[in-house]
>>> print(open('upload-v9.txt').read())   # compact mmCIF, C-alpha atoms
# COMPACT_ATOMS: atom_id res chain seq x y z
CA MET C 19 32.24 -37.41 -19.25
CA ASN C 20 31.48 -35.86 -15.87
CA GLU C 21 28.01 -35.00 -14.62
CA THR C 22 28.71 -31.26 -14.71
CA THR C 23 29.40 -31.39 -18.44
CA LEU C 24 26.16 -33.28 -19.09
CA VAL C 25 24.20 -30.76 -17.02
CA GLY C 26 25.82 -27.95 -19.00
CA ALA C 27 24.94 -29.71 -22.27
CA ALA C 28 21.33 -30.11 -21.12
CA LEU C 29 21.11 -26.44 -20.14
CA LEU C 30 22.56 -25.31 -23.47
CA GLY C 31 20.22 -27.64 -25.35
CA LEU C 32 17.26 -26.12 -23.51
CA ILE C 33 18.48 -22.62 -24.39
CA GLU C 34 18.91 -23.64 -28.04
CA GLY C 35 15.34 -24.93 -28.28
CA LEU C 36 13.85 -21.92 -26.50
CA THR C 37 15.75 -19.31 -28.53
CA GLU C 38 16.27 -20.78 -32.03
CA PHE C 39 12.95 -19.64 -33.48
CA ILE C 40 12.54 -16.33 -31.70
CA PRO C 41 14.55 -13.28 -32.85
CA VAL C 42 17.04 -13.21 -29.97
CA SER C 43 19.95 -15.24 -31.47
CA SER C 44 20.26 -18.75 -30.11
CA THR C 45 23.95 -18.83 -31.08
CA ALA C 46 24.67 -15.73 -29.01
CA HIS C 47 22.91 -17.21 -25.98
CA LEU C 48 24.78 -20.51 -26.35
CA LEU C 49 28.16 -18.84 -26.75
CA LEU C 50 27.61 -16.43 -23.85
CA VAL C 51 26.28 -19.05 -21.43
CA GLY C 52 28.97 -21.51 -22.54
CA HIS C 53 31.63 -18.85 -22.03
CA PHE C 54 30.58 -18.10 -18.45
CA LEU C 55 30.09 -21.81 -17.65
CA GLY C 56 33.47 -22.67 -19.12
CA PHE C 57 31.79 -25.07 -21.57
CA LYS C 58 33.92 -25.58 -24.68
CA SER C 59 33.42 -27.93 -27.63
CA PRO C 60 35.92 -28.82 -30.38
CA GLY C 61 35.67 -26.20 -33.12
CA ASN C 62 32.60 -24.73 -31.40
CA SER C 63 30.69 -27.61 -33.00
CA PHE C 64 28.28 -28.30 -30.13
CA GLU C 65 26.44 -25.02 -30.69
CA VAL C 66 25.79 -25.91 -34.34
CA LEU C 67 25.21 -29.66 -34.10
CA ILE C 68 22.49 -29.51 -31.44
CA GLN C 69 20.46 -27.46 -33.92
CA LEU C 70 19.42 -30.83 -35.30
CA GLY C 71 17.10 -31.06 -32.30
CA ALA C 72 15.48 -27.76 -33.28
CA ILE C 73 15.14 -29.00 -36.88
CA GLY C 74 13.39 -32.09 -35.55
CA ALA C 75 11.01 -29.85 -33.60
CA ILE C 76 9.90 -28.04 -36.77
CA LEU C 77 9.55 -31.27 -38.71
CA SER C 78 7.39 -32.83 -36.00
CA VAL C 79 5.07 -29.83 -35.68
CA TYR C 80 4.82 -29.20 -39.44
CA PHE C 81 4.90 -32.84 -40.58
CA ALA C 82 1.32 -32.92 -41.91
CA ARG C 83 1.79 -29.66 -43.80
CA LEU C 84 5.15 -30.72 -45.21
CA TRP C 85 3.70 -34.06 -46.33
CA LYS C 86 0.82 -32.30 -48.10
CA LEU C 87 3.29 -29.94 -49.73
CA ALA C 88 5.36 -32.87 -50.98
CA THR C 89 2.35 -34.73 -52.37
CA ASP C 90 1.02 -31.56 -54.04
CA LEU C 91 4.31 -30.75 -55.82
CA PRO C 92 3.62 -32.70 -59.04
CA SER C 93 0.21 -31.10 -59.59
CA SER C 94 0.23 -27.76 -57.78
CA PRO C 95 1.99 -24.69 -59.27
CA LYS C 96 1.48 -22.93 -55.94
CA ALA C 97 3.32 -25.68 -54.05
CA ARG C 98 6.18 -25.61 -56.57
CA HIS C 99 6.33 -21.82 -56.29
CA PHE C 100 6.62 -22.00 -52.49
CA VAL C 101 9.33 -24.69 -52.52
CA GLY C 102 11.21 -22.65 -55.13
CA ALA C 103 10.90 -19.56 -52.92
CA ILE C 104 12.36 -21.41 -49.91
CA LEU C 105 15.25 -22.82 -51.94
CA LEU C 106 15.95 -19.40 -53.46
CA ALA C 107 15.94 -17.80 -50.00
CA PHE C 108 18.31 -20.50 -48.75
CA LEU C 109 20.85 -19.94 -51.54
CA PRO C 110 22.67 -16.80 -50.22
CA ALA C 111 23.32 -18.34 -46.81
CA ALA C 112 24.46 -21.60 -48.41
CA VAL C 113 27.04 -19.85 -50.57
CA ILE C 114 28.36 -17.39 -47.99
CA GLY C 115 28.27 -19.94 -45.17
CA ALA C 116 30.37 -22.40 -47.15
CA MET C 117 32.87 -19.71 -48.18
CA ALA C 118 33.24 -18.06 -44.77
CA HIS C 119 32.81 -21.09 -42.47
CA GLY C 120 36.34 -20.97 -41.07
CA PHE C 121 36.28 -17.24 -40.37
CA ILE C 122 32.85 -17.43 -38.74
CA LYS C 123 33.79 -20.26 -36.39
CA SER C 124 37.36 -19.22 -35.52
CA VAL C 125 36.94 -15.44 -35.32
CA LEU C 126 33.32 -14.30 -34.96
CA PHE C 127 32.31 -17.12 -32.58
CA GLU C 128 35.22 -16.16 -30.32
CA SER C 129 34.36 -12.43 -30.14
CA THR C 130 32.21 -12.42 -27.00
CA ALA C 131 32.08 -8.64 -26.66
CA LEU C 132 31.04 -8.30 -30.32
CA ILE C 133 28.21 -10.76 -29.71
CA CYS C 134 26.92 -8.62 -26.83
CA TRP C 135 27.01 -5.41 -28.85
CA VAL C 136 25.25 -7.07 -31.80
CA LEU C 137 22.56 -8.37 -29.45
CA ILE C 138 21.91 -4.83 -28.21
CA ALA C 139 21.94 -3.31 -31.71
CA GLY C 140 19.57 -5.99 -32.99
CA GLY C 141 17.24 -5.36 -30.06
CA ILE C 142 17.04 -1.68 -30.95
CA VAL C 143 16.28 -2.59 -34.57
CA LEU C 144 13.46 -4.90 -33.46
CA LEU C 145 11.93 -2.21 -31.25
CA VAL C 146 12.03 0.32 -34.10
CA VAL C 147 10.60 -2.03 -36.73
CA ASP C 148 7.87 -3.27 -34.39
CA ARG C 149 6.69 0.31 -33.93
CA MET C 150 6.73 1.20 -37.63
CA LYS C 151 3.34 1.64 -39.28
CA LEU C 152 3.84 -0.98 -41.97
CA THR C 153 1.00 -2.01 -44.27
CA PRO C 154 1.25 -5.75 -45.01
CA LYS C 155 0.82 -6.86 -48.62
CA TYR C 156 1.31 -10.56 -47.93
CA THR C 157 -0.35 -12.62 -45.20
CA ASN C 158 0.29 -16.11 -46.63
CA VAL C 159 3.79 -17.53 -47.01
CA MET C 160 2.65 -19.41 -50.13
CA ASP C 161 2.15 -16.08 -51.91
CA TYR C 162 5.57 -14.49 -51.38
CA PRO C 163 7.09 -13.48 -54.75
CA LEU C 164 10.38 -15.16 -55.66
CA SER C 165 12.19 -11.82 -55.65
CA MET C 166 10.95 -11.14 -52.11
CA ALA C 167 12.04 -14.60 -50.96
CA PHE C 168 15.54 -14.05 -52.34
CA LYS C 169 15.81 -10.68 -50.58
CA ILE C 170 14.77 -12.33 -47.29
CA GLY C 171 17.53 -14.87 -47.93
CA VAL C 172 20.03 -12.05 -48.37
CA CYS C 173 18.88 -10.64 -45.02
CA GLN C 174 19.45 -14.06 -43.47
CA THR C 175 23.17 -13.87 -44.32
CA LEU C 176 23.52 -11.16 -41.66
CA ALA C 177 23.02 -13.95 -39.13
CA MET C 178 26.52 -15.20 -39.96
CA ILE C 179 27.50 -12.62 -37.34
CA PRO C 180 26.63 -14.28 -34.00
CA GLY C 181 24.18 -12.16 -32.08
CA THR C 182 22.26 -11.05 -35.17
CA SER C 183 19.74 -13.94 -35.06
CA ARG C 184 18.78 -15.95 -38.13
CA SER C 185 15.08 -15.69 -37.32
CA GLY C 186 15.44 -12.00 -36.44
CA ALA C 187 17.13 -11.13 -39.74
CA THR C 188 14.58 -13.03 -41.81
CA ILE C 189 11.57 -11.74 -39.88
CA VAL C 190 12.68 -8.09 -40.02
CA GLY C 191 13.51 -8.48 -43.72
CA ALA C 192 10.09 -9.99 -44.43
CA LEU C 193 8.28 -7.26 -42.47
CA LEU C 194 10.08 -4.47 -44.34
CA LEU C 195 9.31 -6.21 -47.65
CA GLY C 196 5.56 -6.31 -47.01
CA ALA C 197 4.80 -9.40 -44.90
CA ASP C 198 2.58 -9.40 -41.84
CA LYS C 199 4.04 -10.53 -38.51
CA ARG C 200 2.55 -14.03 -38.49
CA SER C 201 3.56 -15.00 -42.02
CA ALA C 202 7.02 -13.44 -41.53
CA ALA C 203 7.61 -15.72 -38.53
CA GLU C 204 6.22 -18.73 -40.40
CA PHE C 205 8.43 -18.13 -43.45
CA SER C 206 11.37 -18.00 -41.03
CA PHE C 207 10.31 -21.44 -39.72
CA PHE C 208 10.29 -22.98 -43.20
CA LEU C 209 13.56 -21.31 -44.19
CA ALA C 210 15.16 -22.64 -41.00
CA MET C 211 14.82 -26.22 -42.23
CA PRO C 212 17.30 -26.16 -45.15
CA THR C 213 19.48 -23.49 -43.51
CA MET C 214 19.99 -25.32 -40.23
CA ALA C 215 20.28 -28.70 -41.95
CA GLY C 216 22.95 -27.24 -44.23
CA ALA C 217 24.86 -25.71 -41.30
CA PHE C 218 24.66 -29.02 -39.41
CA THR C 219 25.94 -31.04 -42.38
CA LEU C 220 28.79 -28.62 -43.15
CA ASP C 221 29.93 -28.43 -39.53
CA LEU C 222 29.79 -32.19 -39.07
CA TYR C 223 31.83 -32.66 -42.25
CA LYS C 224 34.43 -30.11 -41.14
CA ASN C 225 34.77 -31.27 -37.54
CA TYR C 226 33.72 -34.92 -37.23
CA ASP C 227 37.35 -36.01 -36.79
CA LEU C 228 37.67 -33.69 -33.76
CA LEU C 229 34.72 -35.21 -31.90
CA ALA C 230 35.33 -37.79 -29.18
CA ALA C 231 32.79 -40.12 -27.57
CA ASP C 232 32.25 -37.67 -24.71
CA ASP C 233 31.49 -34.88 -27.18
CA VAL C 234 28.91 -37.08 -28.91
CA ALA C 235 27.22 -37.80 -25.56
CA ALA C 236 26.96 -34.08 -24.82
CA ILE C 237 25.55 -33.42 -28.29
CA VAL C 238 22.90 -36.13 -27.83
CA VAL C 239 21.82 -34.63 -24.50
CA GLY C 240 21.71 -31.15 -26.04
CA PHE C 241 19.78 -32.48 -29.04
CA VAL C 242 17.04 -34.02 -26.88
CA MET C 243 16.59 -30.85 -24.81
CA ALA C 244 16.60 -28.65 -27.92
CA PHE C 245 13.92 -30.84 -29.51
CA ILE C 246 11.59 -30.70 -26.51
CA ALA C 247 11.94 -26.94 -25.99
CA GLY C 248 11.75 -26.27 -29.74
CA VAL C 249 8.40 -28.05 -30.05
CA VAL C 250 6.93 -25.85 -27.31
CA VAL C 251 8.18 -22.64 -28.97
CA VAL C 252 7.12 -23.57 -32.52
CA ARG C 253 3.62 -24.46 -31.32
CA SER C 254 3.13 -21.13 -29.53
CA LEU C 255 5.20 -18.46 -31.29
CA LEU C 256 2.92 -17.60 -34.23
CA ASP C 257 -0.06 -16.82 -32.02
CA PHE C 258 2.14 -14.81 -29.66
CA VAL C 259 3.67 -12.55 -32.32
CA SER C 260 0.27 -12.08 -33.98
CA ARG C 261 -1.06 -10.62 -30.72
CA ARG C 262 2.01 -9.03 -29.13
CA GLY C 263 4.55 -8.35 -31.87
CA PHE C 264 8.32 -8.42 -31.26
CA THR C 265 8.82 -5.75 -28.57
CA LEU C 266 9.43 -8.33 -25.82
CA PHE C 267 12.23 -9.90 -27.86
CA GLY C 268 13.80 -6.51 -28.56
CA TRP C 269 14.09 -5.76 -24.85
CA TRP C 270 15.21 -9.33 -24.18
CA ARG C 271 18.16 -8.85 -26.53
CA ILE C 272 19.13 -5.53 -24.97
CA VAL C 273 19.02 -6.93 -21.44
CA VAL C 274 21.02 -10.07 -22.30
CA GLY C 275 23.59 -8.10 -24.28
CA THR C 276 24.02 -5.60 -21.45
CA LEU C 277 24.33 -8.34 -18.82
CA GLY C 278 26.91 -10.04 -21.03
CA LEU C 279 29.02 -6.88 -21.24
CA VAL C 280 28.76 -6.37 -17.48
CA GLY C 281 29.78 -9.98 -16.89
CA LEU C 282 32.78 -9.61 -19.18
CA TRP C 283 33.82 -6.43 -17.40
CA LEU C 284 33.48 -7.97 -13.92
CA LEU C 285 35.20 -11.24 -14.78
>>> encode(input="upload-v9.txt", output="structure tokens")
Amino acid sequence: MNETTLVGAALLGLIEGLTEFIPVSSTAHLLLVGHFLGFKSPGNSFEVLIQLGAIGAILSVYFARLWKLATDLPSSPKARHFVGAILLAFLPAAVIGAMAHGFIKSVLFESTALICWVLIAGGIVLLVVDRMKLTPKYTNVMDYPLSMAFKIGVCQTLAMIPGTSRSGATIVGALLLGADKRSAAEFSFFLAMPTMAGAFTLDLYKNYDLLAADDVAAIVVGFVMAFIAGVVVVRSLLDFVSRRGFTLFGWWRIVVGTLGLVGLWLL
């Protein structure tokens, strides 16, 4: 593997960690930057497999809370309710992702112009929702009703379209269903764990025979960078959105999508 490829893998890993948990679509950023860098992985697997680094970031930051949740399960109805809510929210993406995996990877991941337009549309949605006068009914992720959790999971399926953003779809869905900004972002964190782990496992199963030693080296480099950047974002995002909301991310999406379209037109 040449040095340029490793540098590209490191850059994409950094982008993955910085964008996975904010509502700007990490997949869109990876695909766009990879497109203009000429970085290509077998079956577009790199973009999915380095998400393991982002999963590790959540697990490291939330380890104490996850451990307490696990130890409370036998005796705490509230803990069992929350775990059930996360699993219920994960179900729609698990079913649709497994059924549409081939179409998503071979068609949607290759539609660079579509990704740009979806980025822009999602940015407009974020700006509108962030300005809506919503009255939160839920400020603690442990209190979300099961029906609300399932509906958030249905919203998450929109992220099968690259550019939508998994975190963006779940956060907007939670806000419209009565969550406050902080708990909406936190529920998105918890839901990311089974969703991203499931996507990683499915993609590895589908494409492991296509991966060569050089591909594995690039994935490892991307994983490490995604982990480091992901830890920084997870530690700081909740406080940021509590104070500032999601307007910055809405404009971010619009700018990146527009620059992507300009780049496609020029090149």
>>> residues_around(input="upload-v9.txt", residues="region 159-164 of chain C", least_positions_apart="2", cutoff="10 Å", atoms="only C-alpha atoms", output="ChimeraX atom specification")
/C:96-107,155-157,166-170,192,195-198,200-206,208
>>> closest_residue(input="upload-v9.txt", among="C:Leu256, C:Ala210, C:Leu50, C:Leu67", to="Cys134 (chain C)", atoms="only C-alpha atoms")
C:Leu50
>>> residues_around(input="upload-v9.txt", residues="Ile40 (chain C)", least_positions_apart="3", cutoff="12 Å", atoms="all atoms listed in the file", output="PyMOL selection string")
chain C and resi 33-37+43-45+47+72+144+182-190+202-204+206-207+210+248+250-252+254-256+258-259+263-268+270-271
>>> atom_distance(input="upload-v9.txt", atom1="CA of Thr175 (chain C)", atom2="CA of Met117 (chain C)")
12.0 Å
>>> residues_near_point(input="upload-v9.txt", point="(20.0, -30.5, -32.5)", cutoff="10 Å", atoms="all atoms listed in the file", output="PDB file with C-alpha atoms, in the frame of the given file")
ATOM      1  CA  GLY C  31      20.220 -27.640 -25.350  1.00  0.00           C
ATOM      2  CA  GLU C  34      18.910 -23.640 -28.040  1.00  0.00           C
ATOM      3  CA  GLY C  35      15.340 -24.930 -28.280  1.00  0.00           C
ATOM      4  CA  PHE C  64      28.280 -28.300 -30.130  1.00  0.00           C
ATOM      5  CA  GLU C  65      26.440 -25.020 -30.690  1.00  0.00           C
ATOM      6  CA  VAL C  66      25.790 -25.910 -34.340  1.00  0.00           C
ATOM      7  CA  LEU C  67      25.210 -29.660 -34.100  1.00  0.00           C
ATOM      8  CA  ILE C  68      22.490 -29.510 -31.440  1.00  0.00           C
ATOM      9  CA  GLN C  69      20.460 -27.460 -33.920  1.00  0.00           C
ATOM     10  CA  LEU C  70      19.420 -30.830 -35.300  1.00  0.00           C
ATOM     11  CA  GLY C  71      17.100 -31.060 -32.300  1.00  0.00           C
ATOM     12  CA  ALA C  72      15.480 -27.760 -33.280  1.00  0.00           C
ATOM     13  CA  ILE C  73      15.140 -29.000 -36.880  1.00  0.00           C
ATOM     14  CA  GLY C  74      13.390 -32.090 -35.550  1.00  0.00           C
ATOM     15  CA  ALA C  75      11.010 -29.850 -33.600  1.00  0.00           C
ATOM     16  CA  MET C 214      19.990 -25.320 -40.230  1.00  0.00           C
ATOM     17  CA  ALA C 215      20.280 -28.700 -41.950  1.00  0.00           C
ATOM     18  CA  PHE C 218      24.660 -29.020 -39.410  1.00  0.00           C
ATOM     19  CA  ILE C 237      25.550 -33.420 -28.290  1.00  0.00           C
ATOM     20  CA  VAL C 238      22.900 -36.130 -27.830  1.00  0.00           C
ATOM     21  CA  VAL C 239      21.820 -34.630 -24.500  1.00  0.00           C
ATOM     22  CA  GLY C 240      21.710 -31.150 -26.040  1.00  0.00           C
ATOM     23  CA  PHE C 241      19.780 -32.480 -29.040  1.00  0.00           C
ATOM     24  CA  VAL C 242      17.040 -34.020 -26.880  1.00  0.00           C
ATOM     25  CA  MET C 243      16.590 -30.850 -24.810  1.00  0.00           C
ATOM     26  CA  ALA C 244      16.600 -28.650 -27.920  1.00  0.00           C
ATOM     27  CA  PHE C 245      13.920 -30.840 -29.510  1.00  0.00           C
ATOM     28  CA  GLY C 248      11.750 -26.270 -29.740  1.00  0.00           C
TER      29      GLY C 248
END
>>> residues_around(input="upload-v9.txt", residues="Ile114 (chain C)", least_positions_apart="3", cutoff="10 Å", atoms="all atoms listed in the file", output="ChimeraX atom specification")
/C:109-111,117-119,172,175,178
>>> atom_distance(input="upload-v9.txt", atom1="CA of Leu194 (chain C)", atom2="CA of Arg149 (chain C)")
11.9 Å
>>> closest_residue(input="upload-v9.txt", among="C:Leu220, C:Lys199, C:Ala88, C:Gly140", to="Asn158 (chain C)", atoms="all atoms listed in the file")
C:Lys199
>>> closest_residue(input="upload-v9.txt", among="C:Leu77, C:Val273, C:Val143, C:Leu49", to="Lys123 (chain C)", atoms="only C-alpha atoms")
C:Leu49
>>> atom_distance(input="upload-v9.txt", atom1="CA of Ala116 (chain C)", atom2="CA of Tyr223 (chain C)")
11.5 Å
>>> closest_residue(input="upload-v9.txt", among="C:Leu193, C:Leu285, C:Cys173, C:Ile246", to="Ser78 (chain C)", atoms="only C-alpha atoms")
C:Ile246
>>> axis_aligned_box(input="upload-v9.txt", around="region 261-270 of chain C", padding_each_side="3 Å", output="lines of an AutoDock Vina configuration file")
center_x = 7.1
center_y = -8.2
center_z = -28.0
size_x = 22.3
size_y = 10.9
size_z = 13.7
